[in-house]
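Participant: Here you go, one structure.
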Amino acid sequence: MAKKSYRQAINEALALEMRRDPTVIVMGEDNAGGMGAPGADDAWGGVLGVTMGLMPEFGRERVLDTPISESAFIGAAVGAAATGLRPVAELMFVDFMGVCFDQIFNQAAKFKYMFGGNAVTPVVIRTMYGAGFRAASQHSQTLYPMFTHIPGLKVVVPSSPYDAKGLMIQAIRDDDPVIFFEHKVMYDIEEEVPDEAYTIPFGEANLTREGEDVTIVAIGRMVQFANEVADTLAKDGINCSVIDPRTTSPLDMDTILESVEETGRLVVVDEASPRCNMATDISAAVAQHAFAALKAPIRMVTPPHTPVPFAPQLEDLYVPNPAQIETAVRAVAGYAR
Amino acid sequence: MAKKSYRQAINEALALEMRRDPTVIVMGEDNAGGMGAPGADDAWGGVLGVTMGLMPEFGRERVLDTPISESAFIGAAVGAAATGLRPVAELMFVDFMGVCFDQIFNQAAKFKYMFGGNAVTPVVIRTMYGAGFRAASQHSQTLYPMFTHIPGLKVVVPSSPYDAKGLMIQAIRDDDPVIFFEHKVMYDIEEEVPDEAYTIPFGEANLTREGEDVTIVAIGRMVQFANEVADTLAKDGINCSVIDPRTTSPLDMDTILESVEETGRLVVVDEASPRCNMATDISAAVAQHAFAALKAPIRMVTPPHTPVPFAPQLEDLYVPNPAQIETAVRAVAGYAR
Amino acid sequence: MLQSNRQDLLKAYTQMRTIREFEERVHTEFAGGTIPGFVHLYAGEEASAVGVCMHLGDKDHIGSTHRGHGHCIAKGCDVKAMMKEIYGRKGGLCGGKGGSMHIADLSKGMMGANGIVGGGPPLVCGAALTAKTLKTGGVAVAFVGDGGSNQGTTLESYNLAKVWNLPVIFVIEDNGYAESTASEWSVGGSQTKRAEAFGMPGTKVDGNDVFAIHEAAQEAIERARAGRGPSLLHVKLSRYFGHFEGDAMTYRADGEVEALRRDHDALKIFRKRVTEAGLLEAGQLNEIDTDIAAFIDEAVAEAEAAPPPTGDDLLTDVYVSY
Amino acid sequence: MLQSNRQDLLKAYTQMRTIREFEERVHTEFAGGTIPGFVHLYAGEEASAVGVCMHLGDKDHIGSTHRGHGHCIAKGCDVKAMMKEIYGRKGGLCGGKGGSMHIADLSKGMMGANGIVGGGPPLVCGAALTAKTLKTGGVAVAFVGDGGSNQGTTLESYNLAKVWNLPVIFVIEDNGYAESTASEWSVGGSQTKRAEAFGMPGTKVDGNDVFAIHEAAQEAIERARAGRGPSLLHVKLSRYFGHFEGDAMTYRADGEVEALRRDHDALKIFRKRVTEAGLLEAGQLNEIDTDIAAFIDEAVAEAEAAPPPTGDDLLTDVYVSY
Ligand SMILES: Cc1ncc(C[n+]2csc(CCOP(=O)(O)OP(=O)(O)O)c2C)c(N)n1
Ligand SMILES: Cc1ncc(C[n+]2csc(CCOP(=O)(O)OP(=O)(O)O)c2C)c(N)n1
Ligand SMILES: [Mg+2]
Ligand SMILES: [Mg+2]
């Protein structure tokens, strides 16, 4: 098994599914690149190179570059999905949702329900999220809570190359609209990833660390921070379970509740803005369904309620970090009623 | 003091502020109505008549009808606010946010921060929300959690005519972007409302019932249901405090925490879809900050995770109702560890 | 040409009459309080839906607006199931979950009425992309109001359809108003110039003349089927009822609707033309009228008798699997 | 006319040279690793910002794109504070919180670079509405890329500006590419026809000729100031660097940029024209070049020496009050 980056893992998932199923198409701004230009074709492969190489293999009929018209082409992906294709459309940065959200949350998400069940909309929307790239307020947001809020959407937030590949293949084969969040800072992270196709089911959390003292739930890029903290604290005799939900909708609350039943202590780490985010979503569900087991206050580790700042020094303070997670875990571990 | 409807209260707030401050303008689709048409002028006053009568008094220069181009005119309101006006723009139904959200969440909300403090954007966006009107999936949503999620926005959800007037005047005088949620089913509710201008500060909850057994936090239209339930249960000796936060951003957590410190029991009622909503937001904050006081699981009363259905029978099942609230309150009141 | 085929003439009239009867009846029933929600009626605009959809088959798709009943009927949806849907009943086209604003039948290529002005054109580009990619030979039609022609999603779709060379036809149904706002005021420039400015042909058509619409649509659709890309029809027509049921229409001129009904009615014009030219006889048309009136009576009766959805239905149909 | 006034000629050249020097220097420094983030450079497009903004004063507003440095300089923003901003330092135009993509100074009427393609035009309509409502006599200019001309927000703004008769000028800076995609492909129809289709004049201008831009802008701005509504300029020009810093530009033809720099450079064309016509002397221009080079050296040195923002700054400036 070869080491592959998060970027490669996603690319490979796309290529495998395009080979397997002729109805799978890919579209987005510069997803091949060089359209109509005098120089090289496949010049970009997407802004950070994720779709590079697909166009040469599958042709421009199945790897479509688009004008900068997100409503039109994301909507076209939705309409194509409702009529027989399985499009994977790229919303370059999730921050751009504001110019095309209608086609996602009012159209794709609601067709099946509004039409009394008589619709299938297997569209995947790939999108980049997250801070740490010095990309400032309009290119750094972590907006999966908004998509998770919407009934009818599925939301995937892979935290590793292995998961990214398996979840992407599942997303493409899935018959519901899926929003697939890729953390822009993680593209170069590598790990062993099988060459062949495999799927990871939605709604099944991954237990990346096991411990009986504290449950840490972390999402996306925050999983690696949580793992680090768990490893550090294990040396001090504080044993953490780390749960990576992998999909925020559906959400595997069973695994989280089971763990909290054992540990009685919960820390949730979320890179999203703190209000109405996944940290509140999970914490509230635990406070409702596992209250009797709770031995300490729930602690949420999130950024502050501010836009993402540009200056590197500020951005580094903005993103939740292992030290903050460690403080929170120590606080709940040491809490006595 | 005369009885006035929620609709009249908002209309009066707009008129009073327009008289007071010549930089206040109003805009939206058919906000006057009849633009360019052969018949009556001021033909609509907005789709449910809220802005009726403003145009005859203030003229078309200050009450602007718009084409159906939400990005352009909501964005124009934002740009006008940043350059010296105090526009009150109507996004007819909040469900339409998907065609113009960028101008709200990436532009208005972030100017001040991105520009290092050197911006003031006193725009108010009025919008209708909520189910119960048989208006189906795309005209019935309760989307304030999405706006609450965004740093830089203030979010107002008045639950009565009195509050609607005072909060609207505050919204117009406020120097930050404000999203003002009007429940379409509440427009005809009446109560005593003073004729003169008054403001209700943001971030100050209203305690509509006082009781020491259970804290109910309810938002918007749900406040009246919570009050009903509190009154019913008081007869059975279960005494509830009912807290109406009035604004979800800023949120008066102090009042909520104080109450839970006393009661130890919390029910949150939210008409929004259940994931990442205000019920989770408030519940999670309580589980973090008032854990020691909690004597029972927190209970959230929300609609199911589905789009809003059309058929009246289904819609009535969809919206949280007093019976569900009562069940939740009884459950937490009777809970013993 | 529509004139050249008796079967087509009968079909065109039958469909127009069905739409008219359906809408007049929904208007009456709504006033009686038996129909819930926002209902936007298509009466007065029949020739557009029918003139265009007569060229379409099941492999072709249409995307409609909030004013969708006429497009639905013209695209061959089950009229009785439509009525049930508008009443919010079991057996409705969408099981009562969608209602008038979301009435749809993908199996007939009807992608739905849409509660979002401008919601349809991007979706229609998608249906056209499917047709192009899978080489089905299909085309896709986006119906758009004059008000909807100012929505960014619509304008972007013009460009996308052009740039991707999609088999799309945009049909701007300009009934003069968006709610209470006159299109004369709200539409800068002109619809056909807009089409041309994005690189596609734009043609203005009299929306009360089903023959003219049929002909213009034929050209646009043939062009699309031949792989020659999108085009736009600007159809001038009128609505007879309010923006939605309940609208008092004070913004319209006194007698405006009466005059339209008297002098510019698409069904009357059709009738006059075909009978005067000896293509059909008045008796035949009267018979159709009678049959359809009875059929719509039945549809209403069945809708009123149908049970509402139940609690179980609330939670189904959100996902294929979850 | 620009030619008729020596002061204006000197100002035009100084501004173009300042932008060029600024951008060339940011390019170099970025390559050296001292500048963080996404940086989009305006080198090659100077004549557009300068030719337009020379007509504007503090009561006039502009809305920029992600490629905003040139507009900023032309609108009179503090160049040293700009450099600090791009470095993310205290004393930056936005305190280091915005960076290159959000550089702004509302007190100068510069409404911001914008990270959202198409984000600016609606905002600019708003500034024009303020000018109209408060009768300030101001106008507002929206700079838009060729790629941005396909965004629905831009197209809606054309119509809104027309319908509300706003004093807006849309300047389409068509540099041939949106990222790696050719405008030849992505733009259906034509920019000027689009303007006309929405009911406003559209004029195509050579973007390497500051005289031509100045003249065309003057007409559009005078028109707007006179209350005669919006218009559009389609400015054809080129960018010398990649889409953003780090772009290898493989999509461009071999030697494309070299040829542009050699034969179509706005600064060279200006220099040739004014010296040949005896309007200015080469020595004067050389002196300006030298002064500006030194000034930009200073700006870089000061930016590098400026401290970064601190933890306290993270939480400020979210609200006026909360
Ligand atoms: C995005 C959006 N904005 C506004 C509305 C409210 N609305 C519904 S129909 C309508 C008028 C549409 O006018 P037009 O497109 O001319 O269609 P018509 O009603 O005349 O058939 C408006 C403003 C909406 N549903 N969606
Ligand atoms: C809504 C949105 N979509 C996509 C992008 C990513 N993006 C940034 S610049 C750009 C190309 C813009 O091209 P053009 O408008 O021609 O401006 P230029 O870069 O050539 O100056 C793209 C696609 C974005 N920032 N915002
Ligand atoms: Mg209309
Ligand atoms: Mg460009």
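Residues are named by chain letter and number: chains run A, B, ... in the order of the structure tokens, numbers start at 1 in each chain, and ligands are numbered from 1 in the order shown.
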Using only C-alpha atoms and all ligand atoms, which residues of the polymer chains come no farther than 10 Å from ligand 3? I'd like the answer as a PyMOL selection string.
Facilitator: chain C and resi 67+144-149+172-183+236-239+243
Participant: Can you list, as a PyMOL selection string, every residue of segment 243-336 of chain B that DSSP puts in helix (DSSP H, G or I)?
Facilitator: chain B and resi 253-263+278-289+291-293+312-318+322-333
Participant: For a quick test of understanding: name the residues of chain B lying within 7 Å of chain C when counting only C-alpha atoms, and present them as a PyMOL selection string.
Facilitator: chain B and resi 30+33-41+43-44+67-69+96+133-136+138+306+309-311+313-314
Participant: Please identify all residues of chain B having at least one atom at most 8 Å from any atom of chain A, considering only C-alpha atoms, and return them as a VMD selection string.
Facilitator: chain B and resid 95 to 103 105 to 106 110 113 to 114 137 to 138 145 to 146 148 to 152 273 to 285 287 to 292 296 to 300 305 to 307 309 337
Participant: Which one of C:Arg20, C:His69, C:Lys193, C:Arg223 sits closest to chain D if you count only C-alpha atoms?
Facilitator: C:Lys193
Participant: Show which residues sit within 12 Å of Val88 of chain B, as a JSON list (two decimals) with C-alpha atoms, in the first residue's frame. Count only C-alpha atoms, and ignore same-chain residues fewer than 5 positions away.
Facilitator:
[["chain", "number", "residue", "atom", "x", "y", "z"],
["B", 10, "ILE", "CA", -43.40, 47.37, 12.71],
["B", 11, "ASN", "CA", -44.96, 49.80, 10.28],
["B", 13, "ALA", "CA", -41.48, 51.91, 13.92],
["B", 14, "LEU", "CA", -40.46, 52.42, 10.31],
["B", 15, "ALA", "CA", -42.56, 55.55, 9.94],
["B", 17, "GLU", "CA", -37.67, 56.55, 12.29],
["B", 18, "MET", "CA", -38.15, 57.79, 8.75],
["B", 23, "THR", "CA", -31.12, 58.89, 6.00],
["B", 24, "VAL", "CA", -33.52, 56.06, 6.77],
["B", 25, "ILE", "CA", -34.87, 54.52, 3.57],
["B", 26, "VAL", "CA", -36.93, 51.42, 2.90],
["B", 27, "MET", "CA", -36.62, 49.08, -0.04],
["B", 28, "GLY", "CA", -37.89, 45.77, -1.25],
["B", 31, "ASN", "CA", -42.70, 47.57, -0.69],
["B", 51, "THR", "CA", -44.83, 48.76, 4.61],
["B", 62, "ARG", "CA", -37.25, 56.85, 0.24],
["B", 63, "VAL", "CA", -39.50, 53.86, -0.31],
["B", 64, "LEU", "CA", -37.95, 51.99, -3.19],
["B", 73, "PHE", "CA", -30.72, 45.29, -3.95],
["B", 74, "ILE", "CA", -29.76, 43.70, -0.64],
["B", 75, "GLY", "CA", -26.16, 44.39, -1.64],
["B", 76, "ALA", "CA", -27.13, 47.93, -2.55],
["B", 77, "ALA", "CA", -28.64, 48.34, 0.90],
["B", 78, "VAL", "CA", -25.36, 47.14, 2.38],
["B", 80, "ALA", "CA", -25.62, 52.36, 0.97],
["B", 81, "ALA", "CA", -25.26, 51.65, 4.67],
["B", 121, "THR", "CA", -22.75, 49.33, 8.21],
["B", 122, "PRO", "CA", -26.11, 50.24, 9.75],
["B", 123, "VAL", "CA", -28.33, 48.13, 7.52],
["B", 124, "VAL", "CA", -31.48, 46.38, 8.67],
["B", 125, "ILE", "CA", -32.77, 43.40, 6.74],
["B", 126, "ARG", "CA", -36.40, 42.62, 7.48],
["B", 127, "THR", "CA", -37.52, 39.14, 6.62],
["B", 168, "MET", "CA", -37.20, 47.65, 15.13],
["B", 169, "ILE", "CA", -36.43, 51.16, 16.29],
["B", 171, "ALA", "CA", -32.37, 47.96, 14.86],
["B", 172, "ILE", "CA", -32.61, 51.09, 12.73],
["B", 173, "ARG", "CA", -30.57, 53.16, 15.17],
["B", 174, "ASP", "CA", -28.04, 50.40, 15.68],
["B", 177, "PRO", "CA", -26.01, 45.00, 10.41],
["B", 178, "VAL", "CA", -29.22, 43.61, 11.87],
["B", 179, "ILE", "CA", -31.39, 40.79, 10.56],
["B", 180, "PHE", "CA", -34.95, 41.27, 11.75]]
Participant: Which residue is closest to ligand 2? Choose from A:Gly166, A:Pro194, A:Pro303, A:Gly46 and count only C-alpha atoms and all ligand atoms.
Facilitator: A:Gly46
Participant: Work out how far apart atom 21 (O, counted along the ligand's line) of ligand 2 and atom CA of Ala266 of chain D are and give it in Å to one decimal.
Facilitator: 16.7 Å
Participant: Could you check how far atom CA of His71 of chain C sits from atom CA of Met111 of chain C, in Å to one decimal?
Facilitator: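 Those two atoms sit 10.2 Å apart.
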Participant: Near segment 128-134 of chain C, counting only C-alpha atoms, which residues have an atom at most 9 Å away, once you skip same-chain residues fewer than 4 positions from it, shown as number ranges by chain?
Facilitator: A: 22-23, 61-62, 76-77, 79-81, 83-85; C: 59-61, 123-124, 138-141, 161, 164, 166-168, 227
Participant: Now that the selection is made, can you save its residues with C-alpha atoms as an mmCIF file, in the first residue's frame?
Facilitator:
data_model
loop_
_atom_site.group_PDB
_atom_site.id
_atom_site.type_symbol
_atom_site.label_atom_id
_atom_site.label_comp_id
_atom_site.auth_asym_id
_atom_site.auth_seq_id
_atom_site.Cartn_x
_atom_site.Cartn_y
_atom_site.Cartn_z
ATOM 1 C CA PRO A 22 -20.079 6.689 -17.136
ATOM 2 C CA THR A 23 -22.729 8.901 -15.538
ATOM 3 C CA GLU A 61 -17.268 16.141 -21.928
ATOM 4 C CA ARG A 62 -16.943 14.652 -18.473
ATOM 5 C CA ALA A 76 -26.933 22.573 -13.317
ATOM 6 C CA ALA A 77 -25.232 19.845 -11.327
ATOM 7 C CA GLY A 79 -30.602 19.445 -12.269
ATOM 8 C CA ALA A 80 -28.347 16.920 -13.969
ATOM 9 C CA ALA A 81 -28.450 14.734 -10.870
ATOM 10 C CA THR A 83 -32.301 13.698 -14.488
ATOM 11 C CA GLY A 84 -29.773 10.890 -14.611
ATOM 12 C CA LEU A 85 -26.162 11.941 -14.064
ATOM 13 C CA LYS C 59 -37.144 12.615 -22.718
ATOM 14 C CA ASP C 60 -37.461 16.393 -22.722
ATOM 15 C CA HIS C 61 -37.563 18.398 -19.508
ATOM 16 C CA LEU C 123 -31.800 23.204 -13.012
ATOM 17 C CA VAL C 124 -32.937 23.206 -16.609
ATOM 18 C CA GLY C 138 -33.604 15.621 -25.366
ATOM 19 C CA VAL C 139 -33.955 19.322 -24.861
ATOM 20 C CA ALA C 140 -34.878 21.332 -21.788
ATOM 21 C CA VAL C 141 -37.117 24.363 -21.459
ATOM 22 C CA ALA C 161 -26.188 27.487 -21.676
ATOM 23 C CA TRP C 164 -21.642 24.883 -22.742
ATOM 24 C CA LEU C 166 -26.680 23.290 -24.173
ATOM 25 C CA PRO C 167 -30.003 22.326 -25.759
ATOM 26 C CA VAL C 168 -31.981 24.834 -23.692
ATOM 27 C CA GLY C 227 -26.818 20.761 -31.186
#
Participant: Work out how far apart atom CA of Glu204 of chain B and atom CA of Thr247 of chain B are and give it in Å to one decimal.
Facilitator: 7.6 Å
Participant: Can you check which residues of segment 240-309 of chain A DSSP gives as strand (DSSP E) on the backbone and send them as a PDB file with N, CA and C atoms, in the first residue's frame?
Facilitator:
ATOM      1  N   CYS A 240      -8.042   9.371  27.018  1.00  0.00           N
ATOM      2  CA  CYS A 240      -9.149   9.947  26.250  1.00  0.00           C
ATOM      3  C   CYS A 240      -9.594   9.017  25.145  1.00  0.00           C
ATOM      4  N   SER A 241     -10.891   9.009  24.921  1.00  0.00           N
ATOM      5  CA  SER A 241     -11.411   8.496  23.655  1.00  0.00           C
ATOM      6  C   SER A 241     -11.511   9.677  22.713  1.00  0.00           C
ATOM      7  N   VAL A 242     -11.069   9.473  21.471  1.00  0.00           N
ATOM      8  CA  VAL A 242     -11.259  10.518  20.464  1.00  0.00           C
ATOM      9  C   VAL A 242     -12.211   9.980  19.418  1.00  0.00           C
ATOM     10  N   ILE A 243     -13.282  10.711  19.198  1.00  0.00           N
ATOM     11  CA  ILE A 243     -14.291  10.296  18.224  1.00  0.00           C
ATOM     12  C   ILE A 243     -14.317  11.274  17.072  1.00  0.00           C
ATOM     13  N   ASP A 244     -14.152  10.740  15.881  1.00  0.00           N
ATOM     14  CA  ASP A 244     -14.256  11.524  14.651  1.00  0.00           C
ATOM     15  C   ASP A 244     -15.560  11.114  13.976  1.00  0.00           C
ATOM     16  N   THR A 247     -19.005  12.139   9.353  1.00  0.00           N
ATOM     17  CA  THR A 247     -20.105  12.855   8.698  1.00  0.00           C
ATOM     18  C   THR A 247     -20.884  13.577   9.797  1.00  0.00           C
ATOM     19  N   THR A 248     -21.219  14.832   9.530  1.00  0.00           N
ATOM     20  CA  THR A 248     -22.003  15.568  10.534  1.00  0.00           C
ATOM     21  C   THR A 248     -23.492  15.399  10.286  1.00  0.00           C
ATOM     22  N   SER A 249     -23.846  14.972   9.085  1.00  0.00           N
ATOM     23  CA  SER A 249     -25.235  14.622   8.776  1.00  0.00           C
ATOM     24  C   SER A 249     -25.193  13.503   7.745  1.00  0.00           C
ATOM     25  N   LEU A 266     -17.060  15.188  28.533  1.00  0.00           N
ATOM     26  CA  LEU A 266     -17.063  15.444  27.092  1.00  0.00           C
ATOM     27  C   LEU A 266     -16.412  16.782  26.755  1.00  0.00           C
ATOM     28  N   VAL A 267     -15.517  16.722  25.771  1.00  0.00           N
ATOM     29  CA  VAL A 267     -14.973  17.934  25.152  1.00  0.00           C
ATOM     30  C   VAL A 267     -15.263  17.832  23.661  1.00  0.00           C
ATOM     31  N   VAL A 268     -15.822  18.893  23.081  1.00  0.00           N
ATOM     32  CA  VAL A 268     -16.086  18.893  21.642  1.00  0.00           C
ATOM     33  C   VAL A 268     -15.229  19.973  20.990  1.00  0.00           C
ATOM     34  N   VAL A 269     -14.521  19.600  19.951  1.00  0.00           N
ATOM     35  CA  VAL A 269     -13.630  20.538  19.270  1.00  0.00           C
ATOM     36  C   VAL A 269     -14.148  20.783  17.861  1.00  0.00           C
ATOM     37  N   ARG A 299     -17.307  20.777  27.732  1.00  0.00           N
ATOM     38  CA  ARG A 299     -16.491  21.912  27.291  1.00  0.00           C
ATOM     39  C   ARG A 299     -16.406  21.941  25.781  1.00  0.00           C
ATOM     40  N   MET A 300     -16.645  23.120  25.214  1.00  0.00           N
ATOM     41  CA  MET A 300     -16.529  23.287  23.765  1.00  0.00           C
ATOM     42  C   MET A 300     -15.274  24.087  23.450  1.00  0.00           C
ATOM     43  N   VAL A 301     -14.498  23.603  22.523  1.00  0.00           N
ATOM     44  CA  VAL A 301     -13.302  24.331  22.083  1.00  0.00           C
ATOM     45  C   VAL A 301     -13.551  24.775  20.645  1.00  0.00           C
TER      46      VAL A 301
END
Participant: Env of Tyr162 of chain A: 10 Å cut, atoms = only C-alpha atoms, seq-sep filter 5 positions within chain, self excluded. Answer as a short mmCIF file (atom, residue, chain, number, x, y, z; two decimals) with all heavy atoms, in the first residue's frame.
Facilitator:
data_model
loop_
_atom_site.label_atom_id
_atom_site.label_comp_id
_atom_site.auth_asym_id
_atom_site.auth_seq_id
_atom_site.Cartn_x
_atom_site.Cartn_y
_atom_site.Cartn_z
N LYS A 3 1.80 5.37 0.24
CA LYS A 3 1.40 6.60 0.92
C LYS A 3 0.79 7.54 -0.10
O LYS A 3 1.33 7.72 -1.20
CB LYS A 3 2.64 7.26 1.53
CG LYS A 3 3.09 6.59 2.81
CD LYS A 3 3.73 7.61 3.75
CE LYS A 3 3.88 7.02 5.12
NZ LYS A 3 4.04 8.03 6.16
N LYS A 4 -0.30 8.13 0.29
CA LYS A 4 -0.94 9.09 -0.62
C LYS A 4 -1.41 10.29 0.19
O LYS A 4 -1.78 10.17 1.35
CB LYS A 4 -2.14 8.44 -1.31
CG LYS A 4 -1.74 7.43 -2.37
CD LYS A 4 -2.90 6.62 -2.88
CE LYS A 4 -2.38 5.38 -3.58
NZ LYS A 4 -3.40 4.33 -3.71
N SER A 5 -1.41 11.41 -0.50
CA SER A 5 -1.89 12.63 0.16
C SER A 5 -3.42 12.65 0.14
O SER A 5 -4.06 11.95 -0.64
CB SER A 5 -1.34 13.87 -0.53
OG SER A 5 -1.94 14.02 -1.80
N TYR A 6 -3.95 13.51 0.99
CA TYR A 6 -5.40 13.79 1.04
C TYR A 6 -5.87 14.22 -0.36
O TYR A 6 -6.89 13.76 -0.85
CB TYR A 6 -5.54 14.91 2.06
CG TYR A 6 -6.89 15.35 2.58
CD1 TYR A 6 -7.50 14.71 3.65
CD2 TYR A 6 -7.49 16.50 2.06
CE1 TYR A 6 -8.70 15.19 4.19
CE2 TYR A 6 -8.69 17.00 2.59
CZ TYR A 6 -9.30 16.34 3.65
OH TYR A 6 -10.47 16.83 4.17
N ALA A 9 -5.81 11.19 -2.62
CA ALA A 9 -6.86 10.24 -2.24
C ALA A 9 -8.19 10.64 -2.87
O ALA A 9 -8.93 9.81 -3.38
CB ALA A 9 -6.97 10.19 -0.72
N ILE A 10 -8.46 11.94 -2.84
CA ILE A 10 -9.72 12.43 -3.42
C ILE A 10 -9.69 12.28 -4.93
O ILE A 10 -10.64 11.83 -5.56
CB ILE A 10 -9.96 13.89 -2.99
CG1 ILE A 10 -10.16 13.97 -1.47
CG2 ILE A 10 -11.17 14.47 -3.72
CD1 ILE A 10 -10.08 15.37 -0.90
N LEU A 167 -14.83 7.97 1.81
CA LEU A 167 -16.04 8.79 1.94
C LEU A 167 -16.44 9.41 0.60
O LEU A 167 -17.63 9.57 0.31
CB LEU A 167 -15.83 9.88 3.00
CG LEU A 167 -15.74 9.39 4.46
CD1 LEU A 167 -15.19 10.48 5.37
CD2 LEU A 167 -17.11 8.89 4.96
N GLU A 190 -0.13 12.97 4.34
CA GLU A 190 -0.07 11.66 3.68
C GLU A 190 -0.30 10.51 4.65
O GLU A 190 0.01 10.61 5.83
CB GLU A 190 1.32 11.47 3.05
CG GLU A 190 1.60 12.46 1.94
CD GLU A 190 2.79 12.02 1.08
OE1 GLU A 190 3.62 11.24 1.57
OE2 GLU A 190 2.84 12.46 -0.08
N GLU A 191 -0.84 9.45 4.12
CA GLU A 191 -0.88 8.18 4.86
C GLU A 191 -1.09 7.05 3.86
O GLU A 191 -1.28 7.28 2.67
CB GLU A 191 -1.97 8.19 5.95
CG GLU A 191 -3.37 8.14 5.44
CD GLU A 191 -4.43 8.11 6.57
OE1 GLU A 191 -4.07 7.96 7.75
OE2 GLU A 191 -5.62 8.24 6.24
N GLU A 192 -1.04 5.85 4.35
CA GLU A 192 -1.26 4.68 3.49
C GLU A 192 -2.72 4.67 3.03
O GLU A 192 -3.63 4.74 3.85
CB GLU A 192 -1.01 3.38 4.27
CG GLU A 192 0.32 3.32 4.99
CD GLU A 192 1.35 2.56 4.19
OE1 GLU A 192 1.15 1.35 3.97
OE2 GLU A 192 2.34 3.19 3.74
N VAL A 193 -2.89 4.55 1.74
CA VAL A 193 -4.23 4.50 1.17
C VAL A 193 -4.26 3.40 0.12
O VAL A 193 -3.42 3.40 -0.79
CB VAL A 193 -4.60 5.86 0.53
CG1 VAL A 193 -5.97 5.78 -0.16
CG2 VAL A 193 -4.60 6.99 1.56
N PRO A 194 -5.18 2.46 0.24
CA PRO A 194 -5.25 1.37 -0.75
C PRO A 194 -5.50 1.91 -2.15
O PRO A 194 -6.16 2.95 -2.31
CB PRO A 194 -6.46 0.53 -0.29
CG PRO A 194 -6.77 0.95 1.10
CD PRO A 194 -6.23 2.34 1.27
N TYR A 198 -12.94 1.60 -2.25
CA TYR A 198 -13.62 1.12 -1.04
C TYR A 198 -14.51 2.25 -0.55
O TYR A 198 -14.29 3.41 -0.89
CB TYR A 198 -12.61 0.73 0.06
CG TYR A 198 -11.67 1.84 0.46
CD1 TYR A 198 -11.95 2.69 1.54
CD2 TYR A 198 -10.50 2.08 -0.26
CE1 TYR A 198 -11.10 3.73 1.88
CE2 TYR A 198 -9.65 3.12 0.07
CZ TYR A 198 -9.95 3.95 1.14
OH TYR A 198 -9.12 4.99 1.47
N ILE A 200 -16.60 4.10 2.79
CA ILE A 200 -16.81 4.24 4.23
C ILE A 200 -18.24 4.72 4.40
O ILE A 200 -18.63 5.74 3.82
CB ILE A 200 -15.82 5.26 4.83
CG1 ILE A 200 -14.39 4.74 4.68
CG2 ILE A 200 -16.16 5.53 6.30
CD1 ILE A 200 -13.33 5.70 5.16
#
Participant: So that I can see what lies close to Ala301 of chain D, please list as a list of chain:residue names the residues with an atom at most 12 Å from it, counting only C-alpha atoms and leaving out residues fewer than 2 positions away in the same chain.
Facilitator: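 After dropping sequence-adjacent residues, the list is D:Arg25, D:Glu29, D:Thr34, D:Lys80, D:Ala81, D:Met83, D:Lys84, D:Tyr87, D:Ala294, D:Phe295, D:Ile296, D:Asp297, D:Glu298, D:Ala299, D:Ala303, D:Glu304, D:Ala305, D:Ala306.
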Participant: Pick out the closest residue to ligand 2 from this set: D:Leu106, D:Leu232, D:Val50, D:Leu41. Count only C-alpha atoms and all ligand atoms.
Facilitator: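 Of D:Leu106, D:Leu232, D:Val50, D:Leu41, the one nearest ligand 2, counting only C-alpha atoms and all ligand atoms, is D:Leu41.
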